[in-house]
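Structure file start28.tsv; described as TSV, N, CA and C atoms.
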```tsv
chain	number	residue	atom	x	y	z
A	1	GLN	N	-17.88	-8.71	34.91
A	1	GLN	CA	-16.67	-8.05	34.44
A	1	GLN	C	-16.63	-8.12	32.92
A	2	VAL	N	-16.52	-6.95	32.30
A	2	VAL	CA	-16.49	-6.89	30.85
A	2	VAL	C	-15.11	-7.28	30.34
A	3	GLN	N	-15.09	-8.18	29.38
A	3	GLN	CA	-13.82	-8.58	28.79
A	3	GLN	C	-13.99	-8.78	27.29
A	4	LEU	N	-12.96	-8.43	26.55
A	4	LEU	CA	-12.90	-8.67	25.12
A	4	LEU	C	-11.53	-9.27	24.83
A	5	ALA	N	-11.49	-10.26	23.95
A	5	ALA	CA	-10.24	-10.92	23.62
A	5	ALA	C	-10.20	-11.23	22.13
A	6	GLU	N	-9.24	-10.62	21.44
A	6	GLU	CA	-9.07	-10.86	20.01
A	6	GLU	C	-8.19	-12.07	19.75
A	7	SER	N	-8.43	-12.71	18.64
A	7	SER	CA	-7.58	-13.81	18.18
A	7	SER	C	-7.73	-13.92	16.67
A	8	GLY	N	-6.85	-14.72	16.08
A	8	GLY	CA	-6.95	-14.97	14.64
A	8	GLY	C	-5.96	-14.23	13.79
A	9	GLY	N	-5.15	-13.39	14.39
A	9	GLY	CA	-4.15	-12.69	13.60
A	9	GLY	C	-3.05	-13.63	13.16
A	10	GLY	N	-2.17	-13.10	12.32
A	10	GLY	CA	-1.05	-13.90	11.84
A	10	GLY	C	-0.37	-13.27	10.66
A	11	LEU	N	0.50	-14.04	10.05
A	11	LEU	CA	1.24	-13.60	8.86
A	11	LEU	C	0.55	-14.19	7.63
A	12	VAL	N	0.27	-13.34	6.66
A	12	VAL	CA	-0.41	-13.80	5.45
A	12	VAL	C	0.18	-13.06	4.25
A	13	GLN	N	0.17	-13.70	3.12
A	13	GLN	CA	0.67	-13.07	1.91
A	13	GLN	C	-0.36	-12.08	1.36
A	14	PRO	N	0.10	-11.10	0.59
A	14	PRO	CA	-0.85	-10.19	-0.06
A	14	PRO	C	-1.88	-10.97	-0.87
A	15	GLY	N	-3.13	-10.55	-0.74
A	15	GLY	CA	-4.23	-11.25	-1.40
A	15	GLY	C	-4.84	-12.33	-0.55
A	16	GLY	N	-4.22	-12.64	0.57
A	16	GLY	CA	-4.72	-13.70	1.43
A	16	GLY	C	-5.85	-13.26	2.33
A	17	SER	N	-6.27	-14.17	3.20
A	17	SER	CA	-7.42	-13.94	4.07
A	17	SER	C	-7.11	-14.33	5.51
A	18	LEU	N	-7.79	-13.67	6.41
A	18	LEU	CA	-7.77	-14.02	7.83
A	18	LEU	C	-9.15	-13.74	8.40
A	19	ARG	N	-9.48	-14.45	9.46
A	19	ARG	CA	-10.70	-14.15	10.20
A	19	ARG	C	-10.33	-13.85	11.64
A	20	LEU	N	-10.59	-12.63	12.04
A	20	LEU	CA	-10.36	-12.25	13.43
A	20	LEU	C	-11.61	-12.51	14.25
A	21	SER	N	-11.38	-12.90	15.49
A	21	SER	CA	-12.47	-13.12	16.43
A	21	SER	C	-12.32	-12.18	17.61
A	22	CYS	N	-13.44	-11.74	18.12
A	22	CYS	CA	-13.47	-10.92	19.34
A	22	CYS	C	-14.42	-11.63	20.30
A	23	ALA	N	-13.86	-12.40	21.21
A	23	ALA	CA	-14.67	-13.10	22.20
A	23	ALA	C	-15.00	-12.14	23.33
A	24	THR	N	-16.27	-12.07	23.68
A	24	THR	CA	-16.71	-11.11	24.69
A	24	THR	C	-17.36	-11.80	25.88
A	25	SER	N	-17.35	-11.13	27.00
A	25	SER	CA	-18.04	-11.62	28.19
A	25	SER	C	-18.38	-10.44	29.08
A	26	GLY	N	-19.40	-10.64	29.92
A	26	GLY	CA	-19.76	-9.62	30.89
A	26	GLY	C	-20.75	-8.58	30.40
A	27	PHE	N	-21.21	-8.71	29.14
A	27	PHE	CA	-22.21	-7.80	28.62
A	27	PHE	C	-22.91	-8.46	27.44
A	28	SER	N	-23.98	-7.86	26.97
A	28	SER	CA	-24.77	-8.45	25.89
A	28	SER	C	-24.47	-7.77	24.56
A	29	LEU	N	-24.21	-8.57	23.55
A	29	LEU	CA	-24.02	-8.04	22.20
A	29	LEU	C	-25.31	-7.46	21.65
A	30	ASP	N	-26.43	-7.77	22.28
A	30	ASP	CA	-27.71	-7.20	21.85
A	30	ASP	C	-27.90	-5.77	22.35
A	31	ARG	N	-27.02	-5.33	23.22
A	31	ARG	CA	-27.15	-3.99	23.82
A	31	ARG	C	-25.97	-3.06	23.54
A	32	HIS	N	-24.87	-3.60	23.03
A	32	HIS	CA	-23.66	-2.80	22.88
A	32	HIS	C	-23.03	-3.03	21.51
A	33	SER	N	-22.81	-1.94	20.79
A	33	SER	CA	-22.11	-2.06	19.52
A	33	SER	C	-20.65	-2.45	19.75
A	34	ILE	N	-20.06	-3.03	18.72
A	34	ILE	CA	-18.66	-3.43	18.75
A	34	ILE	C	-17.94	-2.80	17.57
A	35	ALA	N	-16.80	-2.23	17.83
A	35	ALA	CA	-15.99	-1.65	16.77
A	35	ALA	C	-14.64	-2.34	16.70
A	36	TRP	N	-14.10	-2.37	15.51
A	36	TRP	CA	-12.73	-2.85	15.29
A	36	TRP	C	-11.85	-1.64	14.95
A	37	PHE	N	-10.69	-1.63	15.55
A	37	PHE	CA	-9.69	-0.60	15.28
A	37	PHE	C	-8.39	-1.29	14.89
A	38	ARG	N	-7.48	-0.51	14.34
A	38	ARG	CA	-6.13	-1.02	14.08
A	38	ARG	C	-5.13	0.09	14.27
A	39	GLN	N	-3.92	-0.33	14.59
A	39	GLN	CA	-2.84	0.64	14.74
A	39	GLN	C	-1.57	0.04	14.15
A	40	ALA	N	-1.06	0.71	13.13
A	40	ALA	CA	0.19	0.31	12.50
A	40	ALA	C	1.34	1.03	13.19
A	41	PRO	N	2.54	0.47	13.10
A	41	PRO	CA	3.70	1.11	13.74
A	41	PRO	C	3.87	2.55	13.28
A	42	GLY	N	4.00	3.45	14.24
A	42	GLY	CA	4.24	4.84	13.91
A	42	GLY	C	3.03	5.61	13.43
A	43	LYS	N	1.88	4.97	13.45
A	43	LYS	CA	0.66	5.62	12.98
A	43	LYS	C	-0.40	5.68	14.08
A	44	ALA	N	-1.33	6.59	13.90
A	44	ALA	CA	-2.42	6.70	14.86
A	44	ALA	C	-3.40	5.54	14.71
A	45	ARG	N	-4.05	5.22	15.79
A	45	ARG	CA	-5.09	4.19	15.73
A	45	ARG	C	-6.23	4.68	14.84
A	46	GLU	N	-6.80	3.78	14.07
A	46	GLU	CA	-7.91	4.16	13.19
A	46	GLU	C	-9.03	3.14	13.27
A	47	GLY	N	-10.24	3.63	13.09
A	47	GLY	CA	-11.38	2.74	13.08
A	47	GLY	C	-11.43	1.95	11.78
A	48	VAL	N	-11.82	0.71	11.89
A	48	VAL	CA	-11.88	-0.17	10.72
A	48	VAL	C	-13.33	-0.51	10.38
A	49	SER	N	-14.08	-0.90	11.39
A	49	SER	CA	-15.46	-1.31	11.16
A	49	SER	C	-16.25	-1.22	12.46
A	50	CYS	N	-17.56	-1.32	12.32
A	50	CYS	CA	-18.42	-1.27	13.50
A	50	CYS	C	-19.71	-2.02	13.19
A	51	ILE	N	-20.27	-2.68	14.22
A	51	ILE	CA	-21.53	-3.40	14.05
A	51	ILE	C	-22.51	-2.95	15.14
A	52	ASN	N	-23.72	-2.58	14.70
A	52	ASN	CA	-24.75	-2.18	15.65
A	52	ASN	C	-25.19	-3.36	16.51
A	53	ALA	N	-25.65	-3.04	17.71
A	53	ALA	CA	-26.18	-4.08	18.59
A	53	ALA	C	-27.58	-4.50	18.18
A	54	ASN	N	-28.43	-3.53	17.82
A	54	ASN	CA	-29.84	-3.84	17.61
A	54	ASN	C	-30.12	-4.47	16.25
A	55	ASP	N	-29.69	-3.82	15.18
A	55	ASP	CA	-30.03	-4.33	13.86
A	55	ASP	C	-28.86	-5.00	13.14
A	56	ARG	N	-27.74	-5.08	13.83
A	56	ARG	CA	-26.52	-5.70	13.27
A	56	ARG	C	-26.06	-5.04	11.97
A	57	ARG	N	-26.47	-3.82	11.75
A	57	ARG	CA	-25.97	-3.11	10.58
A	57	ARG	C	-24.47	-2.89	10.76
A	58	THR	N	-23.74	-2.98	9.65
A	58	THR	CA	-22.29	-2.86	9.72
A	58	THR	C	-21.79	-1.66	8.93
A	59	TYR	N	-20.67	-1.16	9.36
A	59	TYR	CA	-20.06	0.02	8.74
A	59	TYR	C	-18.56	-0.24	8.59
A	60	TYR	N	-17.97	0.35	7.54
A	60	TYR	CA	-16.56	0.10	7.26
A	60	TYR	C	-15.88	1.38	6.79
A	61	ARG	N	-14.60	1.48	7.11
A	61	ARG	CA	-13.84	2.58	6.51
A	61	ARG	C	-13.68	2.28	5.03
A	62	ASP	N	-13.52	3.35	4.24
A	62	ASP	CA	-13.52	3.18	2.79
A	62	ASP	C	-12.47	2.19	2.31
A	63	SER	N	-11.30	2.21	2.92
A	63	SER	CA	-10.19	1.40	2.40
A	63	SER	C	-10.41	-0.11	2.57
A	64	VAL	N	-11.40	-0.51	3.37
A	64	VAL	CA	-11.63	-1.95	3.56
A	64	VAL	C	-12.99	-2.40	3.03
A	65	LYS	N	-13.79	-1.45	2.55
A	65	LYS	CA	-15.10	-1.81	2.02
A	65	LYS	C	-14.96	-2.80	0.88
A	66	GLY	N	-15.79	-3.83	0.90
A	66	GLY	CA	-15.74	-4.86	-0.12
A	66	GLY	C	-14.72	-5.95	0.16
A	67	ARG	N	-13.84	-5.72	1.14
A	67	ARG	CA	-12.83	-6.73	1.48
A	67	ARG	C	-13.05	-7.32	2.87
A	68	PHE	N	-13.54	-6.50	3.80
A	68	PHE	CA	-13.74	-6.93	5.17
A	68	PHE	C	-15.24	-7.08	5.44
A	69	THR	N	-15.58	-8.07	6.24
A	69	THR	CA	-16.98	-8.30	6.60
A	69	THR	C	-17.07	-8.61	8.09
A	70	VAL	N	-17.92	-7.88	8.78
A	70	VAL	CA	-18.11	-8.09	10.21
A	70	VAL	C	-19.42	-8.84	10.45
A	71	SER	N	-19.37	-9.77	11.37
A	71	SER	CA	-20.57	-10.51	11.74
A	71	SER	C	-20.49	-10.85	13.22
A	72	ARG	N	-21.55	-11.38	13.75
A	72	ARG	CA	-21.49	-11.77	15.15
A	72	ARG	C	-22.31	-13.04	15.36
A	73	ASP	N	-21.92	-13.78	16.39
A	73	ASP	CA	-22.64	-14.98	16.81
A	73	ASP	C	-23.01	-14.76	18.27
A	74	ARG	N	-24.27	-14.44	18.48
A	74	ARG	CA	-24.71	-14.11	19.83
A	74	ARG	C	-24.61	-15.32	20.75
A	75	THR	N	-24.80	-16.50	20.18
A	75	THR	CA	-24.75	-17.71	21.02
A	75	THR	C	-23.34	-17.95	21.56
A	76	LYS	N	-22.35	-17.44	20.84
A	76	LYS	CA	-20.96	-17.60	21.27
A	76	LYS	C	-20.40	-16.31	21.85
A	77	ASN	N	-21.22	-15.25	21.90
A	77	ASN	CA	-20.78	-13.95	22.39
A	77	ASN	C	-19.51	-13.49	21.67
A	78	THR	N	-19.47	-13.72	20.39
A	78	THR	CA	-18.27	-13.45	19.60
A	78	THR	C	-18.61	-12.64	18.36
A	79	VAL	N	-17.75	-11.68	18.07
A	79	VAL	CA	-17.84	-10.88	16.85
A	79	VAL	C	-16.66	-11.26	15.97
A	80	TYR	N	-16.92	-11.39	14.68
A	80	TYR	CA	-15.89	-11.80	13.73
A	80	TYR	C	-15.66	-10.69	12.70
A	81	MET	N	-14.45	-10.64	12.20
A	81	MET	CA	-14.16	-9.78	11.06
A	81	MET	C	-13.38	-10.62	10.04
A	82	GLU	N	-14.06	-10.93	8.97
A	82	GLU	CA	-13.45	-11.68	7.87
A	82	GLU	C	-12.72	-10.68	6.99
A	83	MET	N	-11.44	-10.93	6.76
A	83	MET	CA	-10.62	-10.01	5.98
A	83	MET	C	-10.10	-10.75	4.75
A	84	ASN	N	-10.51	-10.31	3.59
A	84	ASN	CA	-10.08	-10.90	2.33
A	84	ASN	C	-9.29	-9.88	1.52
A	85	GLY	N	-8.57	-10.36	0.54
A	85	GLY	CA	-7.79	-9.46	-0.30
A	85	GLY	C	-6.85	-8.58	0.50
A	86	LEU	N	-6.19	-9.17	1.46
A	86	LEU	CA	-5.34	-8.37	2.35
A	86	LEU	C	-4.19	-7.73	1.61
A	87	LYS	N	-3.86	-6.53	2.04
A	87	LYS	CA	-2.79	-5.74	1.44
A	87	LYS	C	-1.74	-5.43	2.49
A	88	PRO	N	-0.52	-5.14	2.06
A	88	PRO	CA	0.51	-4.78	3.05
A	88	PRO	C	0.09	-3.62	3.96
A	89	GLU	N	-0.69	-2.70	3.43
A	89	GLU	CA	-1.11	-1.56	4.25
A	89	GLU	C	-2.16	-1.94	5.30
A	90	ASP	N	-2.63	-3.17	5.28
A	90	ASP	CA	-3.52	-3.65	6.34
A	90	ASP	C	-2.73	-4.15	7.56
A	91	THR	N	-1.42	-4.20	7.44
A	91	THR	CA	-0.59	-4.64	8.55
A	91	THR	C	-0.75	-3.72	9.75
A	92	ALA	N	-1.10	-4.30	10.89
A	92	ALA	CA	-1.36	-3.51	12.10
A	92	ALA	C	-1.73	-4.47	13.23
A	93	VAL	N	-1.79	-3.91	14.42
A	93	VAL	CA	-2.43	-4.61	15.54
A	93	VAL	C	-3.91	-4.25	15.51
A	94	TYR	N	-4.75	-5.25	15.54
A	94	TYR	CA	-6.19	-5.05	15.47
A	94	TYR	C	-6.82	-5.25	16.84
A	95	TYR	N	-7.71	-4.33	17.19
A	95	TYR	CA	-8.38	-4.34	18.48
A	95	TYR	C	-9.89	-4.31	18.28
A	96	CYS	N	-10.62	-4.94	19.18
A	96	CYS	CA	-12.06	-4.74	19.25
A	96	CYS	C	-12.35	-3.95	20.54
A	97	ALA	N	-13.45	-3.21	20.48
A	97	ALA	CA	-13.78	-2.33	21.60
A	97	ALA	C	-15.28	-2.17	21.70
A	98	THR	N	-15.74	-1.82	22.91
A	98	THR	CA	-17.16	-1.59	23.11
A	98	THR	C	-17.36	-0.49	24.16
A	99	GLY	N	-18.57	0.02	24.19
A	99	GLY	CA	-18.94	1.07	25.15
A	99	GLY	C	-20.42	1.02	25.39
A	100	PRO	N	-20.99	2.11	25.83
A	100	PRO	CA	-22.40	2.11	26.23
A	100	PRO	C	-23.41	2.17	25.09
A	101	GLU	N	-22.99	2.57	23.89
A	101	GLU	CA	-23.97	2.79	22.82
A	101	GLU	C	-24.38	1.50	22.11
A	102	GLU	N	-25.65	1.45	21.75
A	102	GLU	CA	-26.15	0.32	20.96
A	102	GLU	C	-25.81	0.47	19.49
A	103	GLU	N	-25.77	1.72	19.03
A	103	GLU	CA	-25.53	1.95	17.61
A	103	GLU	C	-24.18	2.63	17.39
A	104	CYS	N	-23.61	2.29	16.25
A	104	CYS	CA	-22.35	2.89	15.86
A	104	CYS	C	-22.59	4.34	15.43
A	105	THR	N	-21.69	5.20	15.81
A	105	THR	CA	-21.66	6.56	15.28
A	105	THR	C	-20.63	6.59	14.16
A	106	VAL	N	-21.03	7.08	13.01
A	106	VAL	CA	-20.14	7.05	11.85
A	106	VAL	C	-19.93	8.48	11.36
A	107	VAL	N	-18.68	8.90	11.32
A	107	VAL	CA	-18.32	10.21	10.79
A	107	VAL	C	-17.17	9.98	9.82
A	108	GLY	N	-17.48	9.96	8.54
A	108	GLY	CA	-16.47	9.64	7.56
A	108	GLY	C	-15.92	8.25	7.78
A	109	ASP	N	-14.62	8.16	7.99
A	109	ASP	CA	-13.99	6.88	8.27
A	109	ASP	C	-13.83	6.63	9.76
A	110	SER	N	-14.48	7.43	10.58
A	110	SER	CA	-14.33	7.30	12.03
A	110	SER	C	-15.59	6.75	12.67
A	111	PHE	N	-15.43	6.14	13.81
A	111	PHE	CA	-16.53	5.61	14.60
A	111	PHE	C	-16.38	6.17	16.02
A	112	PRO	N	-16.74	7.44	16.18
A	112	PRO	CA	-16.41	8.13	17.44
A	112	PRO	C	-17.39	7.88	18.58
A	113	ASN	N	-17.72	6.62	18.80
A	113	ASN	CA	-18.47	6.29	20.00
A	113	ASN	C	-17.55	6.43	21.21
A	114	ARG	N	-18.08	6.26	22.38
A	114	ARG	CA	-17.26	6.16	23.58
A	114	ARG	C	-16.93	4.68	23.78
A	115	TYR	N	-15.66	4.38	23.91
A	115	TYR	CA	-15.22	2.99	24.09
A	115	TYR	C	-14.58	2.84	25.45
A	116	ASP	N	-15.23	2.11	26.32
A	116	ASP	CA	-14.73	1.93	27.68
A	116	ASP	C	-13.90	0.67	27.84
A	117	TYR	N	-14.08	-0.27	26.93
A	117	TYR	CA	-13.43	-1.57	27.08
A	117	TYR	C	-12.78	-1.97	25.77
A	118	TRP	N	-11.55	-2.47	25.89
A	118	TRP	CA	-10.75	-2.86	24.74
A	118	TRP	C	-10.15	-4.24	24.97
A	119	GLY	N	-9.93	-4.94	23.87
A	119	GLY	CA	-9.17	-6.17	23.95
A	119	GLY	C	-7.68	-5.87	23.93
A	120	GLN	N	-6.89	-6.94	23.99
A	120	GLN	CA	-5.43	-6.77	24.06
A	120	GLN	C	-4.79	-6.61	22.69
A	121	GLY	N	-5.56	-6.94	21.63
A	121	GLY	CA	-5.07	-6.80	20.27
A	121	GLY	C	-4.50	-8.08	19.71
A	122	THR	N	-4.54	-8.17	18.38
A	122	THR	CA	-3.95	-9.29	17.67
A	122	THR	C	-3.22	-8.77	16.44
A	123	GLN	N	-2.01	-9.26	16.23
A	123	GLN	CA	-1.16	-8.74	15.15
A	123	GLN	C	-1.55	-9.36	13.81
A	124	VAL	N	-1.72	-8.52	12.82
A	124	VAL	CA	-1.93	-8.95	11.44
A	124	VAL	C	-0.78	-8.41	10.61
A	125	THR	N	-0.07	-9.29	9.95
A	125	THR	CA	1.06	-8.89	9.10
A	125	THR	C	0.81	-9.43	7.70
A	126	VAL	N	0.81	-8.53	6.73
A	126	VAL	CA	0.60	-8.90	5.34
A	126	VAL	C	1.90	-8.63	4.60
A	127	SER	N	2.55	-9.70	4.21
A	127	SER	CA	3.87	-9.57	3.59
A	127	SER	C	4.15	-10.78	2.73
A	128	ALA	N	4.89	-10.52	1.64
A	128	ALA	CA	5.32	-11.62	0.79
A	128	ALA	C	6.58	-12.27	1.35
```
Transcribe the structure of this file into structure tokens.
Amino acid sequence: QVQLAESGGGLVQPGGSLRLSCATSGFSLDRHSIAWFRQAPGKAREGVSCINANDRRTYYRDSVKGRFTVSRDRTKNTVYMEMNGLKPEDTAVYYCATGPEEECTVVGDSFPNRYDYWGQGTQVTVSA
């Protein structure tokens, strides 16, 4: 049974940092890419980052490049997203997701792979 579970969200001041975790089970991170999405109140869900299964290459939307870093620990079946220099506009519920593809598809700021499995989300609030 495929499962994803996010954790690590919270309230942080502007300029602060958080590390989100996406604990996975039921599939191999060596075979399936993982993407991070976020959804702010009243806004559409948007892709944030993606990591390939095979070469672990990472991709980011422009607004988080240089601030967010995605990595994975295969021994723990967990994908991480380190978020630094957080801004109020980063406030959202963050989700990790996976599907059948090994590699991320990148179109501008989008990662339009097919995502069959999602976590429940973790809230990130950036506020003074």
Can you pull out the residues contacting Ala53 in chain A? Cut-off 12 Å, using only C-alpha atoms, and skip same-chain residues under 5 positions away; I want them as a list of chain:residue names. A:Phe27, A:Ser28, A:Leu29, A:Asp30, A:Arg31, A:His32, A:Ser33, A:Ile34, A:Ala35, A:Thr58, A:Ser71, A:Arg72, A:Asp73, A:Arg74, A:Asn77, A:Val79, A:Thr98, A:Gly99, A:Pro100, A:Glu101, A:Glu102, A:Glu103, A:Cys104
Could you please take those selected residues and save N, CA and C atoms as a PDB file, in the frame of the given file?
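Heads up, here's the output in result16.pdb:
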```pdb
ATOM      1  N   PHE A  27     -21.210  -8.710  29.140  1.00  0.00           N
ATOM      2  CA  PHE A  27     -22.210  -7.800  28.620  1.00  0.00           C
ATOM      3  C   PHE A  27     -22.910  -8.460  27.440  1.00  0.00           C
ATOM      4  N   SER A  28     -23.980  -7.860  26.970  1.00  0.00           N
ATOM      5  CA  SER A  28     -24.770  -8.450  25.890  1.00  0.00           C
ATOM      6  C   SER A  28     -24.470  -7.770  24.560  1.00  0.00           C
ATOM      7  N   LEU A  29     -24.210  -8.570  23.550  1.00  0.00           N
ATOM      8  CA  LEU A  29     -24.020  -8.040  22.200  1.00  0.00           C
ATOM      9  C   LEU A  29     -25.310  -7.460  21.650  1.00  0.00           C
ATOM     10  N   ASP A  30     -26.430  -7.770  22.280  1.00  0.00           N
ATOM     11  CA  ASP A  30     -27.710  -7.200  21.850  1.00  0.00           C
ATOM     12  C   ASP A  30     -27.900  -5.770  22.350  1.00  0.00           C
ATOM     13  N   ARG A  31     -27.020  -5.330  23.220  1.00  0.00           N
ATOM     14  CA  ARG A  31     -27.150  -3.990  23.820  1.00  0.00           C
ATOM     15  C   ARG A  31     -25.970  -3.060  23.540  1.00  0.00           C
ATOM     16  N   HIS A  32     -24.870  -3.600  23.030  1.00  0.00           N
ATOM     17  CA  HIS A  32     -23.660  -2.800  22.880  1.00  0.00           C
ATOM     18  C   HIS A  32     -23.030  -3.030  21.510  1.00  0.00           C
ATOM     19  N   SER A  33     -22.810  -1.940  20.790  1.00  0.00           N
ATOM     20  CA  SER A  33     -22.110  -2.060  19.520  1.00  0.00           C
ATOM     21  C   SER A  33     -20.650  -2.450  19.750  1.00  0.00           C
ATOM     22  N   ILE A  34     -20.060  -3.030  18.720  1.00  0.00           N
ATOM     23  CA  ILE A  34     -18.660  -3.430  18.750  1.00  0.00           C
ATOM     24  C   ILE A  34     -17.940  -2.800  17.570  1.00  0.00           C
ATOM     25  N   ALA A  35     -16.800  -2.230  17.830  1.00  0.00           N
ATOM     26  CA  ALA A  35     -15.990  -1.650  16.770  1.00  0.00           C
ATOM     27  C   ALA A  35     -14.640  -2.340  16.700  1.00  0.00           C
ATOM     28  N   THR A  58     -23.740  -2.980   9.650  1.00  0.00           N
ATOM     29  CA  THR A  58     -22.290  -2.860   9.720  1.00  0.00           C
ATOM     30  C   THR A  58     -21.790  -1.660   8.930  1.00  0.00           C
ATOM     31  N   SER A  71     -19.370  -9.770  11.370  1.00  0.00           N
ATOM     32  CA  SER A  71     -20.570 -10.510  11.740  1.00  0.00           C
ATOM     33  C   SER A  71     -20.490 -10.850  13.220  1.00  0.00           C
ATOM     34  N   ARG A  72     -21.550 -11.380  13.750  1.00  0.00           N
ATOM     35  CA  ARG A  72     -21.490 -11.770  15.150  1.00  0.00           C
ATOM     36  C   ARG A  72     -22.310 -13.040  15.360  1.00  0.00           C
ATOM     37  N   ASP A  73     -21.920 -13.780  16.390  1.00  0.00           N
ATOM     38  CA  ASP A  73     -22.640 -14.980  16.810  1.00  0.00           C
ATOM     39  C   ASP A  73     -23.010 -14.760  18.270  1.00  0.00           C
ATOM     40  N   ARG A  74     -24.270 -14.440  18.480  1.00  0.00           N
ATOM     41  CA  ARG A  74     -24.710 -14.110  19.830  1.00  0.00           C
ATOM     42  C   ARG A  74     -24.610 -15.320  20.750  1.00  0.00           C
ATOM     43  N   ASN A  77     -21.220 -15.250  21.900  1.00  0.00           N
ATOM     44  CA  ASN A  77     -20.780 -13.950  22.390  1.00  0.00           C
ATOM     45  C   ASN A  77     -19.510 -13.490  21.670  1.00  0.00           C
ATOM     46  N   VAL A  79     -17.750 -11.680  18.070  1.00  0.00           N
ATOM     47  CA  VAL A  79     -17.840 -10.880  16.850  1.00  0.00           C
ATOM     48  C   VAL A  79     -16.660 -11.260  15.970  1.00  0.00           C
ATOM     49  N   THR A  98     -15.740  -1.820  22.910  1.00  0.00           N
ATOM     50  CA  THR A  98     -17.160  -1.590  23.110  1.00  0.00           C
ATOM     51  C   THR A  98     -17.360  -0.490  24.160  1.00  0.00           C
ATOM     52  N   GLY A  99     -18.570   0.020  24.190  1.00  0.00           N
ATOM     53  CA  GLY A  99     -18.940   1.070  25.150  1.00  0.00           C
ATOM     54  C   GLY A  99     -20.420   1.020  25.390  1.00  0.00           C
ATOM     55  N   PRO A 100     -20.990   2.110  25.830  1.00  0.00           N
ATOM     56  CA  PRO A 100     -22.400   2.110  26.230  1.00  0.00           C
ATOM     57  C   PRO A 100     -23.410   2.170  25.090  1.00  0.00           C
ATOM     58  N   GLU A 101     -22.990   2.570  23.890  1.00  0.00           N
ATOM     59  CA  GLU A 101     -23.970   2.790  22.820  1.00  0.00           C
ATOM     60  C   GLU A 101     -24.380   1.500  22.110  1.00  0.00           C
ATOM     61  N   GLU A 102     -25.650   1.450  21.750  1.00  0.00           N
ATOM     62  CA  GLU A 102     -26.150   0.320  20.960  1.00  0.00           C
ATOM     63  C   GLU A 102     -25.810   0.470  19.490  1.00  0.00           C
ATOM     64  N   GLU A 103     -25.770   1.720  19.030  1.00  0.00           N
ATOM     65  CA  GLU A 103     -25.530   1.950  17.610  1.00  0.00           C
ATOM     66  C   GLU A 103     -24.180   2.630  17.390  1.00  0.00           C
ATOM     67  N   CYS A 104     -23.610   2.290  16.250  1.00  0.00           N
ATOM     68  CA  CYS A 104     -22.350   2.890  15.860  1.00  0.00           C
ATOM     69  C   CYS A 104     -22.590   4.340  15.430  1.00  0.00           C
TER      70      CYS A 104
END
```
Near Gly26 in chain A, counting only C-alpha atoms, which residues have an atom at most 7 Å away, once you skip same-chain residues fewer than 4 positions from it, shown as a list of chain:residue names?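 Near neighbours after the sequence-gap exclusion: A:Gln1, A:Val2, A:Gln3.
Excluding range 92-96 of chain A and any residue on its chain fewer than 2 positions from it, the residues at most 8 Å away by only C-alpha atoms are A:Leu4, A:Ala5, A:Glu6, A:Cys22, A:Ile34, A:Ala35, A:Trp36, A:Phe37, A:Arg38, A:Gln39, A:Ala40, A:Pro41, A:Asp90, A:Thr98, A:Trp118, A:Gly119, A:Gln120, A:Gly121, A:Thr122, A:Gln123, A:Val124, A:Thr125.
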Please measure the separation of atom N of Lys43 in chain A and atom N of Val106 in chain A, giving the value in Å to one decimal.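 Atom N of Val106 in chain A lies at a distance of 23.0 Å from atom N of Lys43 in chain A.
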Going by DSSP on the backbone, which residues of range 15-126 of chain A come out as strand (DSSP E)? List them as number ranges by chain. A: 18-25, 34-39, 46-51, 58-60, 68-73, 78-83, 92-98, 117-118, 122-126
Report as number ranges by chain: the residues of range 7-111 of chain A with a DSSP assignment of helix (DSSP H, G or I), based on the backbone of this structure. A: 62-64, 74-76, 88-90
Using all atoms listed in the file, which of the listed residues (A:Cys50, A:Leu18, A:Ala128, A:Val12) sits closest to Val70 in chain A?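 Of A:Cys50, A:Leu18, A:Ala128, A:Val12, the one nearest Val70 in chain A, counting all atoms listed in the file, is A:Cys50.
When CA of Tyr115 in chain A is paired with CA of Thr24 in chain A, their separation reads 14.2 Å.
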Determine, counting all atoms listed in the file, which protein, DNA and RNA residues have an atom within 8 Å of an atom of Tyr60 in chain A; residues of the same chain fewer than 4 positions away are not included. Present the result as a PyMOL selection string. chain A and resi 47-51+64-66+68+108-110
With all atoms listed in the file as the basis for distance, which of A:Ser7, A:Ser21, A:Thr105, A:Asn84 is at the shortest distance from Thr69 in chain A? A:Asn84
Between CA of Leu86 in chain A and CA of Gly42 in chain A, what is the spacing in Å?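 Straight-line distance from CA of Gly42 in chain A to CA of Leu86 in chain A works out to 20.0 Å.
Candidate residues A:Ser25, A:Thr75, A:Asn113, A:Ser127 were compared for distance to Thr91 in chain A, and the nearest is A:Ser127, using only N, CA and C atoms.
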